[in-house]
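Visitor: You'll find upload13.cif just under this line, and it carries mmCIF, C-alpha atoms.
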```cif
data_model
#
loop_
_atom_site.label_atom_id
_atom_site.label_comp_id
_atom_site.auth_asym_id
_atom_site.auth_seq_id
_atom_site.Cartn_x
_atom_site.Cartn_y
_atom_site.Cartn_z
CA MET A 13 14.41 13.11 -25.27
CA SER A 14 14.40 13.96 -28.94
CA LYS A 15 11.10 12.32 -29.81
CA ALA A 16 8.29 14.66 -30.83
CA LEU A 17 5.76 12.81 -28.68
CA LEU A 18 6.32 11.01 -25.40
CA ARG A 19 4.78 7.54 -25.58
CA VAL A 20 2.78 6.74 -22.43
CA GLY A 21 1.59 3.36 -21.19
CA PHE A 22 -0.61 2.48 -18.22
CA ILE A 23 -0.03 -0.68 -16.19
CA GLY A 24 -3.33 -1.36 -14.45
CA ALA A 25 -6.77 -0.27 -15.62
CA GLY A 26 -8.23 0.32 -12.17
CA GLY A 27 -9.26 3.42 -10.27
CA VAL A 28 -5.85 4.90 -9.56
CA ASN A 29 -5.05 5.17 -13.27
CA PHE A 30 -8.55 5.71 -14.69
CA GLY A 31 -10.59 7.24 -11.88
CA THR A 32 -13.04 6.13 -9.22
CA ASN A 33 -15.79 7.60 -7.07
CA GLU A 34 -13.66 6.96 -3.99
CA GLY A 35 -11.37 9.93 -4.55
CA PRO A 36 -9.70 12.41 -6.90
CA TRP A 37 -6.96 10.10 -8.17
CA ASP A 38 -7.07 9.52 -11.94
CA HIS A 39 -3.78 9.73 -13.84
CA ALA A 40 -5.34 9.28 -17.28
CA SER A 41 -7.33 12.51 -16.97
CA ARG A 42 -4.18 14.42 -16.08
CA VAL A 43 -1.92 12.81 -18.67
CA GLU A 44 -4.27 13.56 -21.55
CA ARG A 45 -4.08 17.26 -20.64
CA VAL A 46 -0.30 17.34 -21.00
CA ARG A 47 1.04 18.53 -24.34
CA GLY A 48 3.53 16.40 -26.24
CA VAL A 49 2.31 12.98 -25.10
CA VAL A 50 0.34 10.15 -26.68
CA VAL A 51 -1.10 7.08 -24.94
CA VAL A 52 0.06 3.90 -26.69
CA GLY A 53 -1.07 1.09 -24.40
CA VAL A 54 -2.91 -0.16 -21.34
CA ALA A 55 -1.88 -3.47 -19.75
CA ASP A 56 -4.16 -5.34 -17.38
CA PRO A 57 -4.83 -9.07 -16.94
CA ASP A 58 -8.53 -8.16 -17.12
CA VAL A 59 -8.42 -7.21 -20.79
CA GLY A 60 -12.15 -6.46 -20.81
CA ARG A 61 -11.78 -3.90 -18.06
CA ALA A 62 -8.84 -2.30 -19.86
CA ARG A 63 -10.80 -2.10 -23.10
CA ARG A 64 -13.79 -0.53 -21.34
CA ALA A 65 -11.52 2.03 -19.70
CA VAL A 66 -9.96 3.05 -23.03
CA ASP A 67 -13.30 3.11 -24.85
CA ALA A 68 -14.83 5.28 -22.13
CA ARG A 69 -11.88 7.63 -22.32
CA ARG A 70 -12.23 7.98 -26.09
CA ARG A 71 -15.97 8.65 -25.86
CA ARG A 72 -15.49 11.24 -23.13
CA CYS A 73 -12.79 13.04 -25.06
CA GLU A 74 -14.75 13.02 -28.33
CA THR A 75 -17.97 14.34 -26.80
CA GLY A 76 -16.60 16.93 -24.39
CA PRO A 77 -18.82 20.04 -24.06
CA SER A 78 -18.14 22.62 -26.75
CA GLY A 79 -15.11 20.65 -27.86
CA SER A 80 -13.39 21.29 -24.51
CA GLU A 81 -12.13 17.74 -24.42
CA GLY A 82 -12.09 17.04 -28.12
CA GLU A 83 -8.48 18.19 -28.30
CA PHE A 84 -7.55 15.26 -26.06
CA ALA A 85 -9.20 12.60 -28.25
CA SER A 86 -6.14 12.14 -30.45
CA LYS A 87 -4.12 11.15 -27.38
CA TRP A 88 -5.97 7.81 -27.41
CA ASP A 89 -6.10 7.11 -31.16
CA SER A 90 -3.19 4.67 -31.16
CA CYS A 91 -3.81 3.15 -27.73
CA ALA A 92 -3.93 -0.67 -27.70
CA VAL A 93 -4.95 -3.01 -24.90
CA TYR A 94 -2.74 -5.83 -23.63
CA GLY A 95 -3.22 -8.68 -21.19
CA ALA A 96 0.40 -8.70 -20.03
CA VAL A 97 2.99 -6.06 -19.16
CA ASP A 98 5.77 -7.61 -21.24
CA GLU A 99 3.48 -7.73 -24.27
CA MET A 100 2.82 -4.00 -24.00
CA LEU A 101 6.50 -3.18 -23.46
CA ALA A 102 7.48 -5.14 -26.58
CA GLN A 103 4.70 -4.07 -28.92
CA ALA A 104 3.62 -0.58 -27.81
CA ARG A 105 7.15 0.48 -26.88
CA PRO A 106 6.21 3.16 -24.32
CA ASP A 107 8.78 5.68 -23.15
CA VAL A 108 7.07 5.97 -19.76
CA VAL A 109 4.53 3.97 -17.76
CA PHE A 110 2.20 4.74 -14.89
CA ILE A 111 2.12 1.72 -12.58
CA GLY A 112 -1.22 1.61 -10.77
CA LEU A 113 -1.48 -1.95 -9.47
CA PRO A 114 -2.65 -3.47 -6.19
CA PRO A 115 0.24 -3.43 -3.70
CA VAL A 116 0.51 -7.21 -3.76
CA ALA A 117 1.04 -7.26 -7.54
CA HIS A 118 4.28 -5.28 -7.90
CA GLY A 119 7.48 -4.12 -6.24
CA GLY A 120 9.09 -7.55 -5.86
CA LEU A 121 12.27 -9.24 -7.00
CA VAL A 122 10.81 -12.20 -8.90
CA PHE A 123 8.21 -12.68 -11.61
CA PRO A 124 5.40 -11.67 -11.79
CA LYS A 125 5.88 -9.05 -9.04
CA ASN A 126 9.07 -7.65 -10.56
CA VAL A 127 7.14 -5.25 -12.78
CA GLU A 128 9.45 -2.33 -12.06
CA ILE A 129 12.61 -4.31 -12.78
CA ARG A 130 11.24 -5.48 -16.14
CA CYS A 131 10.23 -1.95 -17.10
CA GLY A 132 13.64 -0.64 -16.16
CA ALA A 133 15.36 -3.38 -18.17
CA ALA A 134 13.36 -2.19 -21.19
CA GLY A 135 14.57 1.38 -20.64
CA VAL A 136 11.10 2.60 -19.63
CA HIS A 137 10.72 5.43 -17.14
CA MET A 138 8.23 4.86 -14.32
CA PHE A 139 5.66 6.64 -12.20
CA ILE A 140 4.77 4.19 -9.40
CA GLU A 141 1.73 4.65 -7.22
CA LYS A 142 2.22 4.12 -3.51
CA PRO A 143 2.75 1.89 -1.68
CA LEU A 144 5.88 0.53 -3.30
CA SER A 145 4.81 -3.05 -2.60
CA VAL A 146 3.77 -5.39 0.20
CA GLU A 147 7.17 -7.08 0.11
CA PRO A 148 9.51 -6.58 3.10
CA PRO A 149 11.50 -3.34 2.95
CA GLU A 150 14.69 -5.36 2.71
CA ASP A 151 13.51 -6.66 -0.69
CA VAL A 152 12.32 -3.22 -1.80
CA GLU A 153 15.79 -1.87 -1.00
CA LYS A 154 17.23 -4.41 -3.45
CA VAL A 155 14.68 -3.37 -6.09
CA GLY A 156 15.77 0.23 -5.61
CA THR A 157 19.42 -0.72 -6.11
CA LEU A 158 18.60 -2.48 -9.39
CA LEU A 159 16.52 0.46 -10.64
CA ALA A 160 19.32 2.90 -9.88
CA ARG A 161 21.67 0.86 -12.05
CA GLN A 162 19.18 0.84 -14.93
CA GLY A 163 19.40 4.62 -15.28
CA VAL A 164 15.71 5.39 -15.77
CA VAL A 165 13.59 8.07 -14.09
CA VAL A 166 11.53 6.48 -11.33
CA VAL A 167 9.16 8.54 -9.20
CA VAL A 168 6.54 7.61 -6.60
CA GLY A 169 3.07 9.07 -6.16
CA TYR A 170 3.45 10.98 -2.91
CA MET A 171 1.30 13.78 -4.28
CA MET A 172 1.01 15.67 -0.96
CA ARG A 173 4.54 16.96 -1.42
CA TYR A 174 3.21 18.87 -4.45
CA LEU A 175 0.39 20.59 -2.56
CA LYS A 176 0.64 24.36 -2.68
CA ALA A 177 -0.09 24.39 1.04
CA VAL A 178 2.83 22.05 1.74
CA GLN A 179 5.18 24.13 -0.38
CA HIS A 180 3.99 27.22 1.51
CA MET A 181 4.83 25.45 4.77
CA LYS A 182 8.32 24.69 3.49
CA LYS A 183 8.75 28.34 2.52
CA LEU A 184 7.62 29.55 5.96
CA LEU A 185 10.09 27.24 7.67
CA GLN A 186 12.89 28.51 5.49
CA GLN A 187 11.96 32.12 6.24
CA HIS A 188 11.58 31.34 9.94
CA GLY A 189 15.09 29.93 10.09
CA ARG A 190 14.39 27.58 12.99
CA PRO A 191 14.43 23.77 12.84
CA VAL A 192 11.36 21.59 13.21
CA CYS A 193 10.86 20.33 16.78
CA THR A 194 7.75 18.15 16.57
CA ILE A 195 5.53 16.67 13.88
CA SER A 196 2.12 15.20 14.64
CA ALA A 197 0.02 13.42 12.00
CA ARG A 198 -3.58 12.30 12.52
CA TYR A 199 -5.58 10.32 9.97
CA ASN A 200 -9.03 8.78 10.54
CA SER A 201 -10.56 7.03 7.52
CA ALA A 202 -14.25 6.33 6.93
CA TYR A 203 -14.13 2.54 6.99
CA THR A 204 -17.76 2.09 5.89
CA ALA A 205 -16.80 3.46 2.46
CA ILE A 206 -13.92 1.02 1.92
CA ALA A 207 -15.65 -1.92 0.26
CA LYS A 208 -12.55 -3.57 -1.23
CA PRO A 209 -11.72 -6.90 0.47
CA PHE A 210 -8.03 -6.67 -0.43
CA TRP A 211 -7.69 -3.48 1.63
CA TRP A 212 -8.79 -5.33 4.77
CA ASP A 213 -6.15 -8.03 4.27
CA ASN A 214 -2.66 -7.23 5.61
CA ASP A 215 -1.03 -9.66 3.19
CA ARG A 216 -2.64 -8.10 0.12
CA SER A 217 -2.64 -4.39 0.99
CA GLY A 218 0.26 -4.17 3.40
CA GLY A 219 -2.09 -2.91 6.11
CA PRO A 220 -3.43 0.62 6.67
CA ILE A 221 -0.10 2.12 7.75
CA VAL A 222 1.75 0.82 4.69
CA GLU A 223 -1.11 1.46 2.25
CA GLN A 224 -2.89 4.55 3.58
CA ALA A 225 -1.01 6.37 6.34
CA THR A 226 2.08 6.20 4.14
CA HIS A 227 1.19 9.66 2.80
CA PHE A 228 1.56 11.21 6.25
CA CYS A 229 4.65 9.16 7.06
CA ASP A 230 6.17 10.54 3.88
CA LEU A 231 5.16 14.11 4.74
CA ALA A 232 6.72 13.65 8.17
CA ARG A 233 10.01 12.74 6.50
CA TYR A 234 9.63 15.61 4.03
CA PHE A 235 9.62 18.08 6.93
CA GLY A 236 11.60 16.22 9.58
CA GLY A 237 14.23 14.39 7.55
CA ASP A 238 15.43 10.85 8.09
CA VAL A 239 13.93 8.84 10.94
CA ALA A 240 15.99 6.91 13.48
CA LEU A 241 14.08 3.69 12.82
CA GLU A 242 15.41 2.05 15.98
CA THR A 243 13.40 4.58 18.03
CA VAL A 244 10.01 3.67 16.52
CA LYS A 245 7.46 2.48 19.06
CA ALA A 246 3.87 1.66 18.18
CA TYR A 247 0.66 0.17 19.51
CA CYS A 248 -2.49 -0.91 17.74
CA ILE A 249 -6.04 -2.08 18.39
CA SER A 250 -6.34 -5.46 16.72
CA PRO A 251 -9.59 -6.76 15.16
CA SER A 252 -9.81 -9.51 17.78
CA GLU A 253 -10.08 -7.08 20.69
CA PRO A 254 -13.49 -5.83 21.89
CA LEU A 255 -12.59 -2.30 20.72
CA GLY A 256 -11.72 -3.70 17.31
CA MET A 257 -15.18 -5.10 16.60
CA LEU A 258 -16.54 -2.48 14.22
CA SER A 259 -20.30 -1.97 14.07
CA ARG A 260 -20.83 -1.15 10.38
CA MET A 261 -18.52 -3.34 8.35
CA PRO A 262 -19.03 -2.76 4.61
CA THR A 263 -19.98 -5.45 2.12
CA ASP A 264 -18.20 -6.31 -1.09
CA PRO A 265 -20.45 -5.03 -3.94
CA LEU A 266 -19.30 -7.91 -6.15
CA THR A 267 -20.20 -10.74 -3.75
CA GLY A 268 -22.56 -9.17 -1.22
CA LYS A 269 -20.40 -10.59 1.59
CA MET A 270 -18.73 -8.74 4.44
CA VAL A 271 -15.34 -7.49 3.27
CA GLU A 272 -13.49 -9.47 5.95
CA GLU A 273 -15.31 -12.71 5.29
CA GLY A 274 -12.79 -15.35 4.33
CA ILE A 275 -9.78 -13.38 5.61
CA PRO A 276 -8.04 -15.23 8.45
CA GLU A 277 -8.10 -13.26 11.69
CA SER A 278 -4.30 -13.13 11.74
CA ARG A 279 -4.35 -11.22 8.44
CA ARG A 280 -7.11 -8.72 9.28
CA ILE A 281 -6.02 -5.11 9.59
CA PRO A 282 -5.69 -3.18 12.87
CA ARG A 283 -8.45 -0.69 13.65
CA ALA A 284 -6.19 1.99 15.09
CA THR A 285 -2.46 2.56 15.44
CA VAL A 286 -0.45 5.08 17.45
CA ALA A 287 3.28 5.48 16.80
CA ILE A 288 6.09 7.70 18.05
CA TRP A 289 9.70 8.12 16.94
CA ARG A 290 12.68 10.44 16.77
CA PHE A 291 14.18 11.94 13.66
CA ARG A 292 17.95 11.91 13.17
CA SER A 293 17.81 15.66 13.79
CA GLY A 294 16.49 15.02 17.31
CA ALA A 295 12.96 16.18 16.49
CA LEU A 296 9.98 14.13 17.64
CA GLY A 297 7.36 12.52 15.40
CA SER A 298 4.02 10.88 16.03
CA LEU A 299 1.26 9.29 14.00
CA THR A 300 -2.28 8.37 14.97
CA HIS A 301 -4.13 6.42 12.31
CA SER A 302 -7.50 4.74 12.55
CA SER A 303 -10.32 3.35 10.47
CA LEU A 304 -13.17 4.35 12.75
CA LEU A 305 -15.33 6.92 10.97
CA ASN A 306 -18.63 6.11 9.31
CA ASP A 307 -20.12 7.38 6.03
CA THR A 308 -17.61 8.72 3.48
CA ARG A 309 -15.69 11.74 4.80
CA TYR A 310 -12.23 11.25 6.25
CA SER A 311 -10.57 13.40 8.91
CA SER A 312 -6.90 14.26 8.58
CA GLU A 313 -4.48 16.82 10.01
CA PHE A 314 -0.72 17.28 9.82
CA GLU A 315 0.88 19.61 12.34
CA VAL A 316 4.42 21.00 12.47
CA TRP A 317 5.86 22.92 15.42
CA ALA A 318 9.07 24.91 15.57
CA ASP A 319 10.31 27.54 18.01
CA GLY A 320 7.69 30.29 17.64
CA LEU A 321 5.90 28.70 14.67
CA LEU A 322 2.86 26.43 14.46
CA MET A 323 1.48 25.12 11.14
CA ASN A 324 -1.50 22.78 10.89
CA LEU A 325 -2.49 21.33 7.52
CA ILE A 326 -6.18 20.35 7.67
CA ASP A 327 -8.02 18.02 5.30
CA PRO A 328 -5.39 18.03 2.52
CA TYR A 329 -7.44 15.64 0.37
CA THR A 330 -10.37 18.01 -0.17
CA GLU A 331 -10.76 21.39 1.57
CA CYS A 332 -7.01 21.81 2.20
CA LYS A 333 -6.64 24.58 4.77
CA LEU A 334 -3.51 25.74 6.51
CA VAL A 335 -3.65 27.25 10.01
CA ILE A 336 -0.59 29.30 10.94
CA ARG A 337 0.52 30.93 14.17
CA SER A 338 3.63 33.00 13.52
CA PRO A 339 6.26 34.31 15.96
CA GLY A 340 5.06 37.31 17.93
CA VAL A 341 1.44 36.88 16.83
CA GLU A 342 -1.17 35.21 19.04
CA GLU A 343 -3.95 35.20 16.45
CA THR A 344 -3.95 32.39 13.91
CA GLN A 345 -4.07 32.89 10.17
CA VAL A 346 -6.13 30.52 8.01
CA LEU A 347 -5.23 30.04 4.37
CA SER A 348 -7.38 28.10 1.91
CA PHE A 349 -5.94 26.11 -0.99
CA LYS A 350 -9.16 24.59 -2.28
CA GLY A 351 -9.00 23.65 -5.96
CA ASP A 352 -5.30 22.78 -5.95
CA ASP A 353 -4.48 19.66 -8.00
CA PRO A 354 -1.30 17.99 -6.73
CA TYR A 355 -1.97 14.97 -8.96
CA MET A 356 -1.60 17.16 -12.03
CA SER A 357 1.53 18.75 -10.60
CA GLU A 358 3.25 15.43 -9.92
CA ASP A 359 2.31 13.99 -13.33
CA GLU A 360 3.57 17.08 -15.14
CA ALA A 361 6.80 17.04 -13.14
CA PHE A 362 7.44 13.40 -14.07
CA LEU A 363 6.67 13.76 -17.77
CA SER A 364 8.67 16.98 -17.97
CA ALA A 365 11.69 15.33 -16.35
CA VAL A 366 11.66 12.50 -18.90
CA ALA A 367 11.14 14.83 -21.86
CA SER A 368 13.74 17.41 -20.83
CA GLY A 369 16.24 15.38 -18.86
CA ASN A 370 15.87 17.85 -15.97
CA SER A 371 14.54 16.29 -12.75
CA ASP A 372 14.50 19.45 -10.63
CA ARG A 373 10.70 19.45 -10.31
CA ILE A 374 10.52 15.86 -9.03
CA LEU A 375 9.89 15.83 -5.29
CA SER A 376 9.58 12.08 -4.65
CA PRO A 377 12.17 9.91 -6.42
CA TYR A 378 12.19 6.19 -5.69
CA SER A 379 15.47 6.51 -3.78
CA ASP A 380 13.73 8.73 -1.22
CA ALA A 381 10.30 7.06 -1.28
CA LYS A 382 11.73 3.75 -0.14
CA LYS A 383 12.72 5.44 3.13
CA SER A 384 9.06 6.30 3.73
CA TYR A 385 8.23 2.67 2.98
CA GLU A 386 10.80 1.60 5.58
CA LEU A 387 9.16 3.87 8.16
CA THR A 388 5.69 2.44 7.54
CA TRP A 389 7.03 -1.07 7.92
CA ALA A 390 8.87 -0.15 11.12
CA ILE A 391 5.58 1.13 12.55
CA ARG A 392 3.68 -1.94 11.37
CA ARG A 393 6.21 -4.36 12.82
CA ALA A 394 6.40 -2.49 16.15
CA SER A 395 2.62 -2.38 16.51
CA GLU A 396 2.21 -6.05 15.65
CA SER A 397 4.84 -7.02 18.22
CA THR A 398 3.23 -5.05 21.05
CA ALA A 399 -0.23 -6.32 20.06
CA VAL A 400 0.91 -9.94 20.40
CA ASN A 401 2.39 -9.22 23.83
CA PHE A 402 -0.73 -7.38 25.00
CA LEU A 403 -3.20 -10.02 23.78
CA SER A 404 -1.18 -12.84 25.34
CA LYS A 405 -1.75 -11.28 28.77
CA LEU A 406 -5.54 -10.92 28.47
#
```
Please, can you express the file's structure as structure tokens?
Guide:
Amino acid sequence: MSKALLRVGFIGAGGVNFGTNEGPWDHASRVERVRGVVVVGVADPDVGRARRAVDARRRRCETGPSGSEGEFASKWDSCAVYGAVDEMLAQARPDVVFIGLPPVAHGGLVFPKNVEIRCGAAGVHMFIEKPLSVEPPEDVEKVGTLLARQGVVVVVGYMMRYLKAVQHMKKLLQQHGRPVCTISARYNSAYTAIAKPFWWDNDRSGGPIVEQATHFCDLARYFGGDVALETVKAYCISPSEPLGMLSRMPTDPLTGKMVEEGIPESRRIPRATVAIWRFRSGALGSLTHSSLLNDTRYSSEFEVWADGLLMNLIDPYTECKLVIRSPGVEETQVLSFKGDDPYMSEDEAFLSAVASGNSDRILSPYSDAKKSYELTWAIRRASESTAVNFLSKL
């Protein structure tokens, strides 16, 4: 692009765009560190929340220690707040937007969920946070077709692809010269820390496989290639089973009620899911996901096996360690990647692609991300089907 400054807009003023205590995600803090950009608008139906987010950002930038953040203050000087996406597109005229909305609020074919289609029609490039939607994958496929015709850059926030540890794993595989044989992903979330009612509602979040385990489903595809979706088999522990009755359900801080209160049992999320499948290459894949841990710390591992090579990515969200056993060596090597910031890497790659017209650094375009979405839905549908059959026999 020939413009001196890239005009950035944010759609959604919640935690994924502006930060939260729940995790390291916060696109605003990364964007303001990128040279050659200016933030021109924030759109959120809760205008008050959007205004507070922008005001807090300005104050933080202006009062940074020893001027360390003062250089970022000008990024927010011309930022306006809007109550509707179309209003921001028309008045602020952003070149790019970061879409950080609840899954139920975007990714559809009709208004108001067709946020991406409207942005594309306006010629605006998009960074979309996962998951792509809660709409069926058949509808998301149609959205992807429309976006491809609109000719804008569209990327999806699968930040784990940008981890230095993951890129090291890809390099080792290339050097090893042997294909992947098995991939095993394990993800156990601390459910007591998830105090958002929408997350516990399948209809609003998509369920834990679509909304949360999607990162590991995407990594599995990143290493194993396309999945033969017809081979997916899955089982889950439903909330109505004795094993699904969790002992420390969190309360909604806004209402003081249990997060599942008011959610019909048929829409409550599974407590654990186990899935297996085959990749088109013939390799085997598996996922174990649960929401069973207490307190705040999650447990997650992603393991790849090839002939003579074992790689285990441990705790990629925080500590980020990689355990390697190489051919001909019985001792394992442990590498630490603590301090890596894949969120910064993915944001820079997106903004650079728009500014330069070169998309080589983008690792998760929409056209590929929708395949990960299809996999999560295949697992969800398979697990729901087997759960119905199992419960009917009790």
Visitor: Written as a ChimeraX atom specification, what is the full residue list that the PyMOL selection byres ((chain A and resi 273-284) around 9) yields on the file shown?
Guide: /A:200,209,211-215,218-220,247-252,255-258,269-272,285-286,300-304,396
Visitor: Apply the PyMOL selection byres ((chain A and resi 56-72) around 10) to the structure shown and report the selected residues as a count of residues only.
Guide: 38
Visitor: Measuring atom to atom with only C-alpha atoms, identify which of A:Lys208, A:Lys382, A:Lys183, A:Lys350 is nearest to A:Gly268.
Guide: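 Answer, going by the shortest atom-to-atom distance: A:Lys208.
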Visitor: Just the residues within 10 Å of A:Val366, please, counting all atoms listed in the file, with nothing from its chain fewer than 6 positions along; format it as a list of chain:residue names.
Guide: A:Met13, A:Leu18, A:Asp107, A:Val108, A:Val136, A:His137, A:Met138, A:Val164, A:Val165, A:Val166
Visitor: Given the point (7.3, 2.4, 16.0) in the file's coordinates, find the residues that have an atom at most 6 Å from it, counting only C-alpha atoms, and give them as number ranges by chain.
Guide: A: 244-246, 287-288, 390-391, 394
Visitor: Closest to A:Cys229 among A:Leu322, A:Ala197, A:Leu101, A:Ala160, using all atoms listed in the file?
Guide: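 So, comparing all the options, the nearest one is A:Ala197.
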